[in-house]
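Some notes on the structure that comes next.
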Amino acid sequence: MARISPQIRQEILDKTDFLSVYQEHVHLQKRGSSYWGLCPFHSEKTPSFSVSGDTGLFYCFGCHKGGSIIQFLMDVEKLSYTEAMEELARKAGVQIRFEESEFAVEGEKDRQALFELYDRLSKTFHWFLFNHASGRNALDVLHKRGLSDDLIRKFSLGYAPSSRQWLYSFLKTKGYSDTFLRHSGLFSKNNPNWPLFADRIMFPIGDTRGRIIAFGGRAMDQEGPKYINSPETMIFKKQDTLFALSQAIDSIKHLDEALICEGYMDVLSFHAAGITNAVAPLGTAFTSHQAMAIRRRASKVVLCFDSDEAGLHAAERACSIAAAVGLETSVLVLQGGKDASEILEKKGAGELTRLAKNTITAGYFLLARAGQLFDISTMEGKAKAVSFLFPFLDALDSDVRRQEYIKEIGRTLGVGAHAVEMDYAKAKVSGIYRSRNSPSPASSILHSARTSDLVFVAAAILSNDPFWLLSEHLDSDSFDDPRARDLFSALQDAQREGVQDVDGILSLCADDAAVRFVREVDASGELKAGLEKILQDGLSQKRRASLEKERKKLVAQLQSAKTKDSAITQEKMILEEIMKIDGELKAQATGGDIDE
């Protein structure tokens, strides 16, 4: 697949006047080595939005958003990564070139062939729905559900005939090979001639550009599952995709809000009622990848799942996922019907539009659910209700919001806010509760703790040449702090991929807490004055730790050698190595030279 090369990315960044780009959206004033202004991502009266004069990274100490000028453009103008790079390239006068490997060229041919196949098949299914006798019942079902012909055409809905033979024969006549069809996602893995979709209403699934990449199919009879989706292919990843995003994207950007539904028919019902920012996950739970797809285009999300227990449970989980990526989250629980499709069919578009206005914040929704699920009149019930709310507490990326929500939990459940905070802290430290957004329990525990490892690697990344650290015979095991290990691994990946800028390095780190720490200390400038000493002291500490580790290993070998009669020579060699290490450790302690 074509991509912007690291070299072109670096050229664009080198030639970008980042301050002028920021100034197009934020009025900045210089204070020290940084520039400050009112954050464009949240309401504030005192400037907490900072741009580093050295690295060009931005960070807000109020809402904790941060990143490069690329991320800033993606967030403030609702652009994709490529669109943001193209905009910066235009401003900097750099011509973007995309690179392709030999394997990528071949893979891109297959991708384009799949796009063409799915587009052709979508049109064929659509033709069957409107123009063939076999599709009449399917069209009647859609009409009965309150969907107009115009809406059906807008979403290119279709019908897959009940015959199990036609699709394979049809595609073979179009010149597709058996090998290609076997990996197309249209046929059974066990029987390559057997289509997955037969006698089903077809819902084409598009990417953000509107290209068809998969299908959902609703059964016309009661045999088999009611809904099935295409399996993943080289052009389709379920966890990244939202049904109807291409149709809803303009509305989402305009309203700064997306409505997440549970299924295809719910989305179509909302669109039929004029609520055109509705999208849905694909038969799976709402994912963080889908939440990020929304976050790149809007700051708010409304969750609307079925009002049965399964739907409410899905909403609980989605609240934390949406909040974790910084989305302002509300919940819509529809009354008078199980789902939007049922309300549209039985009561009409006006009733669905009216009910869609009755949303509550995610925090209040979860508090209400806690009261429904647990007997909060008892001590045990209160404790369980508080624990139930831990995932949402952990997802909040603002300490202010977290503290305010803890107070609200206390007021609602009739317990002390301090007790809630203590239980939450104990659960994280004990490992009883693990954040779904943290890569490991240790990362969760160390979320706000400063360690010498973390400060050392952060300083290295913010130095003029971050890759010098990789030449010092260190590896990720040299660090006790898992956040430092993740940052060091990101440095290694960046060197391999030719990524040189700070934000590019941070984008390769999987630990959000580590990335946030680097951005905070960069924005505050607190490491700037003592950067060289931090690096010297940190490297000295790592060298000493490495020597002590090697000495312990040699002492263990020495003790083993003493138990063997024929190990006198080996014992002498080990003793010489230990003495050499002792000399190096002494030289370090006294500030002397260390022999290489």
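Residue numbers start at 1 in each chain; chains themselves are named A, B, ... in the order of the structure tokens; ligands are numbered from 1 in the order shown.
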
With a cut-off of 9 Å, could you pull out the residues of range 50-156 of chain A touching range 177-189 of chain A and give me the nearest pair of atoms for each, distance in Å to one decimal, using only C-alpha atoms, ordered by chain and ascending number, as JSON lines?
{"residue": "A:Asp110", "atom": "CA", "partner": "A:Phe180", "partner_atom": "CA", "distance": 8.3}
{"residue": "A:Leu114", "atom": "CA", "partner": "A:Ser184", "partner_atom": "CA", "distance": 6.9}
{"residue": "A:Leu117", "atom": "CA", "partner": "A:Ser184", "partner_atom": "CA", "distance": 8.7}

Residues just named, written with N, CA and C atoms as a PDB file, in the first residue's frame:
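The file below, result.pdb, is the result:
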ATOM      1  N   ASP A 110      -4.175  -6.368  -6.035  1.00  0.00           N
ATOM      2  CA  ASP A 110      -5.235  -7.205  -5.461  1.00  0.00           C
ATOM      3  C   ASP A 110      -6.270  -6.347  -4.733  1.00  0.00           C
ATOM      4  N   LEU A 114     -10.251  -6.057  -5.555  1.00  0.00           N
ATOM      5  CA  LEU A 114     -11.314  -6.291  -4.578  1.00  0.00           C
ATOM      6  C   LEU A 114     -12.288  -5.115  -4.529  1.00  0.00           C
ATOM      7  N   LEU A 117     -14.482  -5.464  -7.484  1.00  0.00           N
ATOM      8  CA  LEU A 117     -15.418  -6.580  -7.330  1.00  0.00           C
ATOM      9  C   LEU A 117     -16.573  -6.190  -6.412  1.00  0.00           C
TER      10      LEU A 117
END

*From range 65-235 of chain A, collect each residue whose DSSP state is alpha helix (DSSP H) and return the set as a PyMOL selection string.*
chain A and resi 69-76+81-92+102-131+136-144+149-154+166-173+178-182

Keeping only C-alpha atoms, write the selected residues as a compact mmCIF listing (two decimals), in the first residue's frame.
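Resulting contents of out_14.txt:
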# COMPACT_ATOMS: atom_id res chain seq x y z
CA ILE A 69 1.34 20.12 14.06
CA ILE A 70 0.04 17.15 12.03
CA GLN A 71 -2.15 15.98 14.90
CA PHE A 72 -3.26 19.56 15.53
CA LEU A 73 -4.52 19.93 11.96
CA MET A 74 -6.19 16.51 12.10
CA ASP A 75 -8.07 17.53 15.26
CA VAL A 76 -8.90 21.16 14.58
CA TYR A 81 -3.45 11.94 8.44
CA THR A 82 -2.84 12.06 4.68
CA GLU A 83 -5.06 15.12 4.28
CA ALA A 84 -3.17 16.93 7.06
CA MET A 85 0.19 16.06 5.46
CA GLU A 86 -1.05 17.26 2.07
CA GLU A 87 -2.17 20.56 3.63
CA LEU A 88 1.21 21.08 5.32
CA ALA A 89 3.02 20.13 2.10
CA ARG A 90 0.99 22.72 0.21
CA LYS A 91 1.86 25.42 2.75
CA ALA A 92 5.55 24.43 2.74
CA GLU A 102 7.72 -4.47 -4.81
CA PHE A 103 5.34 -6.48 -2.62
CA ALA A 104 3.13 -3.45 -2.06
CA VAL A 105 2.66 -2.97 -5.81
CA GLU A 106 1.40 -6.55 -6.17
CA GLY A 107 -0.75 -6.20 -3.07
CA GLU A 108 -2.19 -2.93 -4.32
CA LYS A 109 -3.31 -4.65 -7.52
CA ASP A 110 -5.23 -7.21 -5.46
CA ARG A 111 -6.72 -4.44 -3.33
CA GLN A 112 -7.93 -2.53 -6.36
CA ALA A 113 -9.38 -5.72 -7.82
CA LEU A 114 -11.31 -6.29 -4.58
CA PHE A 115 -12.62 -2.72 -4.59
CA GLU A 116 -13.82 -3.21 -8.16
CA LEU A 117 -15.42 -6.58 -7.33
CA TYR A 118 -17.31 -5.23 -4.32
CA ASP A 119 -18.47 -2.19 -6.25
CA ARG A 120 -19.71 -4.38 -9.12
CA LEU A 121 -21.45 -6.77 -6.74
CA SER A 122 -23.08 -3.95 -4.77
CA LYS A 123 -24.65 -2.67 -7.98
CA THR A 124 -25.76 -6.19 -8.88
CA PHE A 125 -27.46 -6.74 -5.50
CA HIS A 126 -29.10 -3.32 -5.82
CA TRP A 127 -30.44 -4.25 -9.28
CA PHE A 128 -31.94 -7.47 -7.90
CA LEU A 129 -33.74 -5.52 -5.16
CA PHE A 130 -35.46 -3.06 -7.49
CA ASN A 131 -35.67 -4.89 -10.81
CA ARG A 136 -39.78 -7.93 -4.27
CA ASN A 137 -40.28 -9.38 -0.77
CA ALA A 138 -37.04 -7.78 0.44
CA LEU A 139 -38.11 -4.39 -0.90
CA ASP A 140 -41.49 -4.75 0.82
CA VAL A 141 -39.72 -5.45 4.14
CA LEU A 142 -37.68 -2.25 3.80
CA HIS A 143 -40.74 -0.20 2.89
CA LYS A 144 -42.65 -1.63 5.84
CA ASP A 149 -36.82 4.40 -2.17
CA ASP A 150 -34.60 7.49 -2.08
CA LEU A 151 -32.98 6.36 1.18
CA ILE A 152 -32.61 2.80 -0.11
CA ARG A 153 -30.84 4.15 -3.18
CA LYS A 154 -28.66 6.50 -1.10
CA TRP A 166 -25.42 -18.08 -9.36
CA LEU A 167 -22.69 -15.97 -7.68
CA TYR A 168 -19.73 -18.27 -8.39
CA SER A 169 -20.84 -18.82 -11.99
CA PHE A 170 -21.50 -15.10 -12.46
CA LEU A 171 -18.04 -14.08 -11.21
CA LYS A 172 -16.24 -16.79 -13.18
CA THR A 173 -17.79 -15.43 -16.37
CA ASP A 178 -10.56 -19.39 -8.08
CA THR A 179 -7.56 -18.24 -6.01
CA PHE A 180 -8.77 -14.65 -6.00
CA LEU A 181 -12.36 -15.60 -5.17
CA ARG A 182 -11.18 -17.85 -2.31

*Mind pulling up the distance from CA of Phe305 in chain A to CA of Leu334 in chain A?*
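Computed distance, CA of Leu334 in chain A to CA of Phe305 in chain A, equals 8.3 Å.
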
Residues of range 261-315 of chain A in strand (DSSP E) according to DSSP, as a PDB file with C-alpha atoms, in the first residue's frame?
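For reference, selection_4.pdb as written:
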ATOM      1  CA  ALA A 278     -25.890   8.017  12.775  1.00  0.00           C
ATOM      2  CA  VAL A 279     -23.385   5.184  12.283  1.00  0.00           C
ATOM      3  CA  LYS A 300     -18.957  14.490  20.998  1.00  0.00           C
ATOM      4  CA  VAL A 301     -20.701  11.141  20.681  1.00  0.00           C
ATOM      5  CA  VAL A 302     -24.158   9.867  21.614  1.00  0.00           C
ATOM      6  CA  LEU A 303     -24.508   6.124  22.273  1.00  0.00           C
TER       7      LEU A 303
END

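The shortest atom-to-atom distance to Val420 in chain A, with only C-alpha atoms taken into account, belongs to A:Gln403 out of A:Thr276, A:Ser50, A:Gln403, A:Gln495.
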
Compile the contact shell of range 388-392 of chain A as a PDB file with C-alpha atoms, in the first residue's frame: residues with an atom at most 8 Å away, counting only C-alpha atoms, same-chain residues fewer than 2 positions apart removed.
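And here is the file that came out, part_9.pdb:
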ATOM      1  CA  CYS A 319     -19.018   4.802  27.579  1.00  0.00           C
ATOM      2  CA  SER A 320     -15.515   4.022  28.809  1.00  0.00           C
ATOM      3  CA  ALA A 323     -14.333   8.699  27.070  1.00  0.00           C
ATOM      4  CA  GLY A 363     -21.485   9.557  33.936  1.00  0.00           C
ATOM      5  CA  LEU A 366     -23.557   4.692  34.558  1.00  0.00           C
ATOM      6  CA  LEU A 367     -24.585   5.928  37.986  1.00  0.00           C
ATOM      7  CA  ALA A 370     -25.151   1.047  39.172  1.00  0.00           C
ATOM      8  CA  LYS A 384     -20.002  -3.173  44.269  1.00  0.00           C
ATOM      9  CA  ALA A 385     -21.577  -0.099  42.674  1.00  0.00           C
ATOM     10  CA  VAL A 386     -18.394   1.921  43.237  1.00  0.00           C
ATOM     11  CA  ASP A 394      -9.998   5.296  34.596  1.00  0.00           C
ATOM     12  CA  ALA A 395     -11.064   6.298  31.092  1.00  0.00           C
ATOM     13  CA  LEU A 396     -11.390   9.991  32.003  1.00  0.00           C
ATOM     14  CA  TYR A 424     -10.121   3.235  43.350  1.00  0.00           C
ATOM     15  CA  TYR A 433      -8.766  -3.687  38.762  1.00  0.00           C
ATOM     16  CA  SER A 435      -7.473  -0.444  33.087  1.00  0.00           C
ATOM     17  CA  ARG A 436      -8.704  -1.620  29.693  1.00  0.00           C
TER      18      ARG A 436
END

_Using only C-alpha atoms for the distances, tell me which of A:Ser269, A:Ser288, A:Ser489, A:Ser20 is nearest to Ser341 in chain A._
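Using only C-alpha atoms, Ser341 in chain A sits closest to A:Ser269.
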
*Give the answer as one residue: which of A:Ile409, A:Ala349, A:Ala513, A:Ala318 has the shortest atom-to-atom distance to Ser148 in chain A, using only C-alpha atoms?*
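That would be A:Ala349, the residue with the smallest distance to Ser148 in chain A.
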
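Using only C-alpha atoms, the residues found no farther than 12 Å from Ala417 in chain A, other than those of its own chain fewer than 5 positions away, are Val386, Arg402, Gln403, Glu404, Tyr405, Ile406, Lys407, Glu408, Ile409, Gly410, Arg411, Thr412, Met422, Asp423 and Tyr424 of chain A.
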
Let me see the file: selected residues, N, CA and C atoms, as a PDB file, in the first residue's frame.
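To be explicit, this is the file written out as again-v4.pdb:
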ATOM      1  N   VAL A 386     -19.593   1.096  43.421  1.00  0.00           N
ATOM      2  CA  VAL A 386     -18.394   1.921  43.237  1.00  0.00           C
ATOM      3  C   VAL A 386     -17.405   1.207  42.316  1.00  0.00           C
ATOM      4  N   ARG A 402     -12.209  13.650  36.665  1.00  0.00           N
ATOM      5  CA  ARG A 402     -12.204  12.458  37.505  1.00  0.00           C
ATOM      6  C   ARG A 402     -12.567  12.813  38.950  1.00  0.00           C
ATOM      7  N   GLN A 403     -11.983  13.880  39.462  1.00  0.00           N
ATOM      8  CA  GLN A 403     -12.271  14.298  40.839  1.00  0.00           C
ATOM      9  C   GLN A 403     -13.731  14.723  40.992  1.00  0.00           C
ATOM     10  N   GLU A 404     -14.269  15.436  40.010  1.00  0.00           N
ATOM     11  CA  GLU A 404     -15.671  15.854  40.073  1.00  0.00           C
ATOM     12  C   GLU A 404     -16.610  14.657  40.007  1.00  0.00           C
ATOM     13  N   TYR A 405     -16.239  13.674  39.196  1.00  0.00           N
ATOM     14  CA  TYR A 405     -17.097  12.491  39.089  1.00  0.00           C
ATOM     15  C   TYR A 405     -17.048  11.667  40.375  1.00  0.00           C
ATOM     16  N   ILE A 406     -15.885  11.615  40.999  1.00  0.00           N
ATOM     17  CA  ILE A 406     -15.774  10.926  42.294  1.00  0.00           C
ATOM     18  C   ILE A 406     -16.712  11.582  43.321  1.00  0.00           C
ATOM     19  N   LYS A 407     -16.766  12.913  43.301  1.00  0.00           N
ATOM     20  CA  LYS A 407     -17.680  13.614  44.209  1.00  0.00           C
ATOM     21  C   LYS A 407     -19.133  13.257  43.904  1.00  0.00           C
ATOM     22  N   GLU A 408     -19.467  13.162  42.604  1.00  0.00           N
ATOM     23  CA  GLU A 408     -20.833  12.843  42.209  1.00  0.00           C
ATOM     24  C   GLU A 408     -21.202  11.414  42.613  1.00  0.00           C
ATOM     25  N   ILE A 409     -20.233  10.499  42.489  1.00  0.00           N
ATOM     26  CA  ILE A 409     -20.457   9.122  42.932  1.00  0.00           C
ATOM     27  C   ILE A 409     -20.788   9.106  44.425  1.00  0.00           C
ATOM     28  N   GLY A 410     -19.993   9.859  45.190  1.00  0.00           N
ATOM     29  CA  GLY A 410     -20.220   9.917  46.638  1.00  0.00           C
ATOM     30  C   GLY A 410     -21.596  10.449  46.982  1.00  0.00           C
ATOM     31  N   ARG A 411     -21.997  11.544  46.310  1.00  0.00           N
ATOM     32  CA  ARG A 411     -23.304  12.137  46.588  1.00  0.00           C
ATOM     33  C   ARG A 411     -24.439  11.178  46.223  1.00  0.00           C
ATOM     34  N   THR A 412     -24.333  10.531  45.072  1.00  0.00           N
ATOM     35  CA  THR A 412     -25.412   9.667  44.591  1.00  0.00           C
ATOM     36  C   THR A 412     -25.543   8.395  45.418  1.00  0.00           C
ATOM     37  N   MET A 422     -10.047   6.371  47.577  1.00  0.00           N
ATOM     38  CA  MET A 422      -9.125   5.403  48.186  1.00  0.00           C
ATOM     39  C   MET A 422      -9.365   3.998  47.632  1.00  0.00           C
ATOM     40  N   ASP A 423     -10.628   3.596  47.491  1.00  0.00           N
ATOM     41  CA  ASP A 423     -10.929   2.274  46.934  1.00  0.00           C
ATOM     42  C   ASP A 423     -10.416   2.155  45.509  1.00  0.00           C
ATOM     43  N   TYR A 424     -10.588   3.224  44.744  1.00  0.00           N
ATOM     44  CA  TYR A 424     -10.121   3.235  43.350  1.00  0.00           C
ATOM     45  C   TYR A 424      -8.605   3.074  43.295  1.00  0.00           C
TER      46      TYR A 424
END

Which residues are near range 206-214 of chain A? Cut-off 7 Å, only C-alpha atoms, ignore same chain within fewer than 2 positions. Put them as a short mmCIF file (atom, residue, chain, number, x, y, z; two decimals) with N, CA and C atoms, in the first residue's frame.
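As written to disk, out-v6.cif reads:
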data_model
loop_
_atom_site.label_atom_id
_atom_site.label_comp_id
_atom_site.auth_asym_id
_atom_site.auth_seq_id
_atom_site.Cartn_x
_atom_site.Cartn_y
_atom_site.Cartn_z
N PHE A 115 -11.75 -3.90 -4.57
CA PHE A 115 -12.62 -2.72 -4.59
C PHE A 115 -13.57 -2.78 -5.79
N TYR A 118 -16.25 -5.59 -5.27
CA TYR A 118 -17.31 -5.23 -4.32
C TYR A 118 -18.22 -4.14 -4.88
N ASP A 119 -17.65 -3.22 -5.63
CA ASP A 119 -18.47 -2.19 -6.25
C ASP A 119 -19.42 -2.81 -7.28
N PRO A 204 -24.42 -2.72 1.88
CA PRO A 204 -23.02 -2.45 1.53
C PRO A 204 -22.33 -1.64 2.62
N SER A 230 -19.41 -9.84 6.27
CA SER A 230 -18.24 -10.33 5.55
C SER A 230 -17.11 -10.61 6.53
N ILE A 235 -8.94 -5.42 2.49
CA ILE A 235 -9.50 -4.08 2.44
C ILE A 235 -10.52 -3.83 3.55
N PHE A 236 -10.74 -4.82 4.40
CA PHE A 236 -11.78 -4.69 5.42
C PHE A 236 -11.30 -5.19 6.77
N THR A 241 -13.93 -0.14 11.20
CA THR A 241 -14.97 0.30 10.28
C THR A 241 -16.29 0.56 10.98
N PHE A 243 -20.40 1.28 9.95
CA PHE A 243 -21.41 1.30 8.89
C PHE A 243 -21.96 2.71 8.73
N ALA A 244 -22.04 3.18 7.47
CA ALA A 244 -22.62 4.47 7.08
C ALA A 244 -21.75 5.67 7.40
N LEU A 245 -20.47 5.46 7.73
CA LEU A 245 -19.62 6.61 8.06
C LEU A 245 -19.48 7.55 6.86
N SER A 246 -19.32 7.01 5.66
CA SER A 246 -19.17 7.88 4.49
C SER A 246 -20.42 8.71 4.24
#

*Gap from CA of Leu57 in chain A to CA of Ala484 in chain A - Å, one decimal*: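 CA of Ala484 in chain A lies 20.0 Å from CA of Leu57 in chain A.
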
_As an exercise, work out the distance from CA of Gly274 in chain A to CA of Cys261 in chain A in Å and give it to one decimal place._
14.8 Å

*Shell of 12 Å around Glu526 in chain A, only C-alpha atoms, local chain residues under 3 positions omitted, as a VMD selection string*: chain A and resid 32 to 34 52 455 458 to 459 462 517 to 523 529 to 531 534
